Amino acid sequence: MKEQFNHTILIIDEVHEIFLKKLKGHKIIYAPNITLEELPEQLEFATILVLRSKLILDKSWIDRAPKLKLVGRLGSGMDNINQDYAKKKGIICLNAPEGNRNAVAEQTIAILLSLLTNVVKSNNEIKDRKWLRKDNEGIELKNLTVGIIGYGNVGQTLAAKLNVFGCKILAYDRFLNNFGDEFAQEVTLEELQHQSDIISLHVPLNEFSDNMVDLEFMNRVSKPFYLLNLSRGKVVNTADLILKLKEGKVLGAGLDVLPNENLNSYNENENEEFSFLTRSENVILTPHTGGLTKDSFKLIAEALADKVSRAIIIK
């Protein structure tokens with residue numbers, strides 16, 4: 001039997017209009033500019049909460065929503081939602097990782113090729129009227145081995161796209177077995193660290209991935225390598241990465257995420273680390289835009305709306 005009542009859907013981040021159209025039969029409160037001070041009053045009546053990154057939905061916030069039945073995240077990562085507590089309260093948690101997988105994969109390749117061919121470095125030099133051809137000699141991806149850690153939506157999409165470059169592709173995933181396919185060879189983490197020239201991170205943030213790429217991890221990589229992180233900032237230990245960049249063990253880094261993305265809140269140590277990264281010619285930083293395209297904005301909304309529609313049908 002289909003739903004027997006109209007839900008009250010509270011949306012606290014920007015969403016493509018297609019989401020509103022697909023769920024127009026329900027009461028929708030679209031409040032992307034709502035403040036945390038205003039939020040409790042609206043949560044009191046919400047049966048569905050839709051958000052991106054505005055709120056850390058912890059136990060205290062969940063308890064302020066007594067009627068809540070479902071939480072939908074406009075994106076892939078779920079680390080800002082206390083899923084365990086939500087489950088105890090009978091609240092369904094949904095996300096839409098398929099909506100931005102292509103966007104993240106494309107930006108990964110863009111950053112990688114920029115590092116290998118010194119695109120950002122040479123562009124900055126030319127703006128300073130320096131025409132340095134030999135100093136910006138590049139490396140061809142075709143002759144390198146790429147190790148992908150995390151073979152979910154993004155990892156699989158990335159492997160398929162990298163395949164056309166002719167490079168060797170390895171993949172490791174802590175939670176999957178027998179996932180090797182026509183694009184990537186399934187290996188252990190040790191094998192990936194031994195063979196890879198490039199390591200690309202596409203994992204959720206959890207107890208296993210938090211601070212995963214530290215000194216011990218990087219010391220176990222056999223060759224000097226390039227590191228790409230388009231997952232979550234806390235997966236990489238920034239201080240350890242900087243040490244390995246200085247040593248030359250890490251040849252270059254592409255970081256779309258940082259452990260703390262509120263730059264105005266930095267302490268002295270964070271400011272020093274940030275300053276080093278921004279000064280380094282072999283580091284490319286982007287402001288967590290890997291999954292943020294006009295295309296993915298619509299796809300995420302569409303995918304999540306379809307999942308919400310299916311989930312709220314009462315059996």
# chains A, B, ... in the order shown; residues from 1 in each chain; ligands from 1
call {"tool": "select_by_dssp", "arguments": {"residues": "segment 211-290 of chain A", "states": "strand (DSSP E)", "output": "ChimeraX atom specification"}}
result
/A:225-229,250-255,283-285
call {"tool": "residues_around", "arguments": {"residues": "segment 264-273 of chain A", "least_positions_apart": "6", "cutoff": "9 Å", "atoms": "only C-alpha atoms", "output": "VMD selection string"}}
result
chain A and resid 238 to 239 242
call {"tool": "write_last_selection", "arguments": {"atoms": "N, CA and C atoms", "output": "CSV table (one decimal), in the first residue's frame"}}
result
chain,number,residue,atom,x,y,z
A,238,THR,N,48.1,15.6,7.4
A,238,THR,CA,48.8,16.7,6.6
A,238,THR,C,50.2,16.9,7.0
A,239,ALA,N,50.5,16.8,8.3
A,239,ALA,CA,51.9,17.0,8.8
A,239,ALA,C,52.8,15.9,8.2
A,242,ILE,N,53.4,16.6,4.4
A,242,ILE,CA,54.3,17.6,4.2
A,242,ILE,C,55.8,17.1,4.4
call {"tool": "residues_around", "arguments": {"residues": "Leu277 of chain A", "least_positions_apart": "2", "cutoff": "10 Å", "atoms": "only C-alpha atoms", "output": "number ranges by chain"}}
result
A: 238, 241-242, 245, 253, 255, 271-275, 279-285
call {"tool": "write_last_selection", "arguments": {"atoms": "N, CA, C and O atoms", "output": "PDB file, in the first residue's frame"}}
result
ATOM      1  N   THR A 238      48.130  15.564   7.375  1.00  0.00           N
ATOM      2  CA  THR A 238      48.751  16.673   6.648  1.00  0.00           C
ATOM      3  C   THR A 238      50.217  16.862   7.030  1.00  0.00           C
ATOM      4  O   THR A 238      51.078  17.074   6.171  1.00  0.00           O
ATOM      5  N   LEU A 241      52.259  14.196   5.410  1.00  0.00           N
ATOM      6  CA  LEU A 241      52.342  14.431   3.964  1.00  0.00           C
ATOM      7  C   LEU A 241      53.379  15.499   3.658  1.00  0.00           C
ATOM      8  O   LEU A 241      54.201  15.341   2.738  1.00  0.00           O
ATOM      9  N   ILE A 242      53.373  16.574   4.432  1.00  0.00           N
ATOM     10  CA  ILE A 242      54.337  17.647   4.206  1.00  0.00           C
ATOM     11  C   ILE A 242      55.771  17.142   4.384  1.00  0.00           C
ATOM     12  O   ILE A 242      56.670  17.480   3.598  1.00  0.00           O
ATOM     13  N   LEU A 245      56.630  15.250   1.324  1.00  0.00           N
ATOM     14  CA  LEU A 245      56.837  16.154   0.191  1.00  0.00           C
ATOM     15  C   LEU A 245      58.231  16.780   0.272  1.00  0.00           C
ATOM     16  O   LEU A 245      58.930  16.898  -0.742  1.00  0.00           O
ATOM     17  N   ALA A 253      51.165  16.295  -4.871  1.00  0.00           N
ATOM     18  CA  ALA A 253      49.896  15.956  -4.246  1.00  0.00           C
ATOM     19  C   ALA A 253      48.779  16.801  -4.834  1.00  0.00           C
ATOM     20  O   ALA A 253      48.953  17.997  -5.091  1.00  0.00           O
ATOM     21  N   LEU A 255      45.002  17.748  -3.725  1.00  0.00           N
ATOM     22  CA  LEU A 255      44.099  17.670  -2.581  1.00  0.00           C
ATOM     23  C   LEU A 255      42.845  18.505  -2.855  1.00  0.00           C
ATOM     24  O   LEU A 255      42.916  19.730  -2.943  1.00  0.00           O
ATOM     25  N   ASN A 271      47.812  27.001  10.065  1.00  0.00           N
ATOM     26  CA  ASN A 271      48.207  28.064   9.147  1.00  0.00           C
ATOM     27  C   ASN A 271      49.575  27.788   8.523  1.00  0.00           C
ATOM     28  O   ASN A 271      49.790  28.045   7.331  1.00  0.00           O
ATOM     29  N   GLU A 272      50.502  27.269   9.324  1.00  0.00           N
ATOM     30  CA  GLU A 272      51.836  26.948   8.807  1.00  0.00           C
ATOM     31  C   GLU A 272      51.759  25.830   7.766  1.00  0.00           C
ATOM     32  O   GLU A 272      52.406  25.901   6.715  1.00  0.00           O
ATOM     33  N   GLU A 273      50.967  24.805   8.057  1.00  0.00           N
ATOM     34  CA  GLU A 273      50.812  23.699   7.109  1.00  0.00           C
ATOM     35  C   GLU A 273      50.154  24.179   5.825  1.00  0.00           C
ATOM     36  O   GLU A 273      50.584  23.821   4.722  1.00  0.00           O
ATOM     37  N   PHE A 274      49.124  24.985   5.978  1.00  0.00           N
ATOM     38  CA  PHE A 274      48.412  25.508   4.815  1.00  0.00           C
ATOM     39  C   PHE A 274      49.325  26.383   3.964  1.00  0.00           C
ATOM     40  O   PHE A 274      49.312  26.313   2.731  1.00  0.00           O
ATOM     41  N   SER A 275      50.128  27.184   4.622  1.00  0.00           N
ATOM     42  CA  SER A 275      51.061  28.055   3.911  1.00  0.00           C
ATOM     43  C   SER A 275      52.055  27.237   3.092  1.00  0.00           C
ATOM     44  O   SER A 275      52.360  27.576   1.938  1.00  0.00           O
ATOM     45  N   ARG A 279      52.315  27.242  -1.089  1.00  0.00           N
ATOM     46  CA  ARG A 279      53.562  27.696  -1.704  1.00  0.00           C
ATOM     47  C   ARG A 279      54.201  26.632  -2.582  1.00  0.00           C
ATOM     48  O   ARG A 279      55.063  26.950  -3.412  1.00  0.00           O
ATOM     49  N   SER A 280      53.827  25.375  -2.389  1.00  0.00           N
ATOM     50  CA  SER A 280      54.509  24.270  -3.068  1.00  0.00           C
ATOM     51  C   SER A 280      54.069  24.153  -4.523  1.00  0.00           C
ATOM     52  O   SER A 280      52.869  24.048  -4.814  1.00  0.00           O
ATOM     53  N   GLU A 281      55.030  24.145  -5.417  1.00  0.00           N
ATOM     54  CA  GLU A 281      54.729  24.066  -6.846  1.00  0.00           C
ATOM     55  C   GLU A 281      54.182  22.703  -7.256  1.00  0.00           C
ATOM     56  O   GLU A 281      53.545  22.571  -8.299  1.00  0.00           O
ATOM     57  N   ASN A 282      54.457  21.690  -6.437  1.00  0.00           N
ATOM     58  CA  ASN A 282      54.009  20.338  -6.768  1.00  0.00           C
ATOM     59  C   ASN A 282      52.772  19.923  -5.976  1.00  0.00           C
ATOM     60  O   ASN A 282      52.495  18.735  -5.811  1.00  0.00           O
ATOM     61  N   VAL A 283      52.031  20.915  -5.488  1.00  0.00           N
ATOM     62  CA  VAL A 283      50.770  20.650  -4.787  1.00  0.00           C
ATOM     63  C   VAL A 283      49.655  21.446  -5.456  1.00  0.00           C
ATOM     64  O   VAL A 283      49.802  22.650  -5.701  1.00  0.00           O
ATOM     65  N   ILE A 284      48.564  20.760  -5.768  1.00  0.00           N
ATOM     66  CA  ILE A 284      47.383  21.419  -6.322  1.00  0.00           C
ATOM     67  C   ILE A 284      46.252  21.283  -5.311  1.00  0.00           C
ATOM     68  O   ILE A 284      45.938  20.181  -4.854  1.00  0.00           O
ATOM     69  N   LEU A 285      45.658  22.418  -4.959  1.00  0.00           N
ATOM     70  CA  LEU A 285      44.550  22.444  -4.014  1.00  0.00           C
ATOM     71  C   LEU A 285      43.293  22.942  -4.713  1.00  0.00           C
ATOM     72  O   LEU A 285      43.339  23.912  -5.469  1.00  0.00           O
TER      73      LEU A 285
END
call {"tool": "closest_atom_pairs", "arguments": {"of": "segment 44-129 of chain A", "to": "segment 145-160 of chain A", "cutoff": "7 Å", "atoms": "only C-alpha atoms", "output": "tab-separated table"}}
result
residue	atom	partner	partner_atom	distance
A:Pro97	CA	A:Asn153	CA	6.6
A:Glu98	CA	A:Asn153	CA	6.1
A:Arg101	CA	A:Val154	CA	4.6
A:Asn102	CA	A:Thr157	CA	6.4
A:Val104	CA	A:Val154	CA	6.6
A:Ala105	CA	A:Leu158	CA	4.7
call {"tool": "residues_around", "arguments": {"residues": "Glu190 of chain A", "least_positions_apart": "5", "cutoff": "10 Å", "atoms": "only C-alpha atoms", "output": "list in words"}}
result
Tyr172, Gln195, Phe217, Arg220, Val221 and Ser222 of chain A
call {"tool": "select_by_dssp", "arguments": {"residues": "segment 155-298 of chain A", "states": "helix (DSSP H, G or I)", "output": "JSON, numbers by chain"}}
result
{"A": [155, 156, 157, 158, 159, 160, 161, 162, 163, 164, 165, 189, 190, 191, 192, 193, 194, 195, 215, 216, 217, 218, 219, 233, 234, 235, 238, 239, 240, 241, 242, 243, 244, 245, 246, 247, 263, 264, 265, 268, 269, 270, 271, 272, 273, 274, 275, 276, 277, 278, 279, 294, 295, 296, 297, 298]}
call {"tool": "residues_around", "arguments": {"residues": "Gly77 of chain A", "least_positions_apart": "4", "cutoff": "10 Å", "atoms": "only C-alpha atoms", "output": "PyMOL selection string"}}
result
chain A and resi 52-53+73+81+95-97+203-205+231-232
call {"tool": "write_last_selection", "arguments": {"atoms": "N, CA and C atoms", "output": "mmCIF file, in the first residue's frame"}}
result
data_model
loop_
_atom_site.group_PDB
_atom_site.id
_atom_site.type_symbol
_atom_site.label_atom_id
_atom_site.label_comp_id
_atom_site.auth_asym_id
_atom_site.auth_seq_id
_atom_site.Cartn_x
_atom_site.Cartn_y
_atom_site.Cartn_z
ATOM 1 N N ARG A 52 23.074 18.674 3.048
ATOM 2 C CA ARG A 52 24.366 18.368 2.438
ATOM 3 C C ARG A 52 25.424 18.420 3.528
ATOM 4 N N SER A 53 25.975 19.598 3.787
ATOM 5 C CA SER A 53 27.067 19.700 4.764
ATOM 6 C C SER A 53 26.850 20.779 5.802
ATOM 7 N N ARG A 73 20.942 12.640 2.286
ATOM 8 C CA ARG A 73 22.098 13.522 2.090
ATOM 9 C C ARG A 73 22.331 13.758 0.608
ATOM 10 N N ILE A 81 26.601 12.468 9.563
ATOM 11 C CA ILE A 81 25.344 11.927 10.083
ATOM 12 C C ILE A 81 25.641 10.762 11.019
ATOM 13 N N ASN A 95 21.735 8.346 0.778
ATOM 14 C CA ASN A 95 22.597 9.304 0.079
ATOM 15 C C ASN A 95 22.510 9.041 -1.424
ATOM 16 N N ALA A 96 23.324 9.758 -2.205
ATOM 17 C CA ALA A 96 23.253 9.624 -3.663
ATOM 18 C C ALA A 96 24.648 9.637 -4.268
ATOM 19 N N PRO A 97 25.468 8.619 -3.947
ATOM 20 C CA PRO A 97 26.846 8.610 -4.446
ATOM 21 C C PRO A 97 26.956 8.491 -5.966
ATOM 22 N N VAL A 203 37.699 6.851 -0.574
ATOM 23 C CA VAL A 203 37.114 6.076 0.523
ATOM 24 C C VAL A 203 36.224 6.965 1.380
ATOM 25 N N PRO A 204 35.232 6.395 2.045
ATOM 26 C CA PRO A 204 34.450 7.173 3.018
ATOM 27 C C PRO A 204 35.292 7.393 4.267
ATOM 28 N N LEU A 205 34.953 8.393 5.045
ATOM 29 C CA LEU A 205 35.652 8.615 6.305
ATOM 30 C C LEU A 205 35.012 7.760 7.387
ATOM 31 N N SER A 231 38.602 12.361 -1.403
ATOM 32 C CA SER A 231 37.630 11.676 -0.539
ATOM 33 C C SER A 231 37.273 12.583 0.635
ATOM 34 N N ARG A 232 38.006 12.469 1.731
ATOM 35 C CA ARG A 232 37.815 13.320 2.902
ATOM 36 C C ARG A 232 39.182 13.735 3.440
#
call {"tool": "residues_around", "arguments": {"residues": "Ser60 of chain A", "least_positions_apart": "2", "cutoff": "12 Å", "atoms": "only C-alpha atoms", "output": "list in words"}}
result
Pro40, Leu43, Leu55, Ile56, Leu57, Asp58, Ile62, Asp63, Arg64, Ala65, Pro66, Ile81, Asn82, Tyr85 and Ala86 of chain A
call {"tool": "residues_around", "arguments": {"residues": "Asn237 of chain A", "least_positions_apart": "4", "cutoff": "7 Å", "atoms": "only C-alpha atoms", "output": "list in words"}}
result
Asn211, Val213, Asp214 and Leu241 of chain A
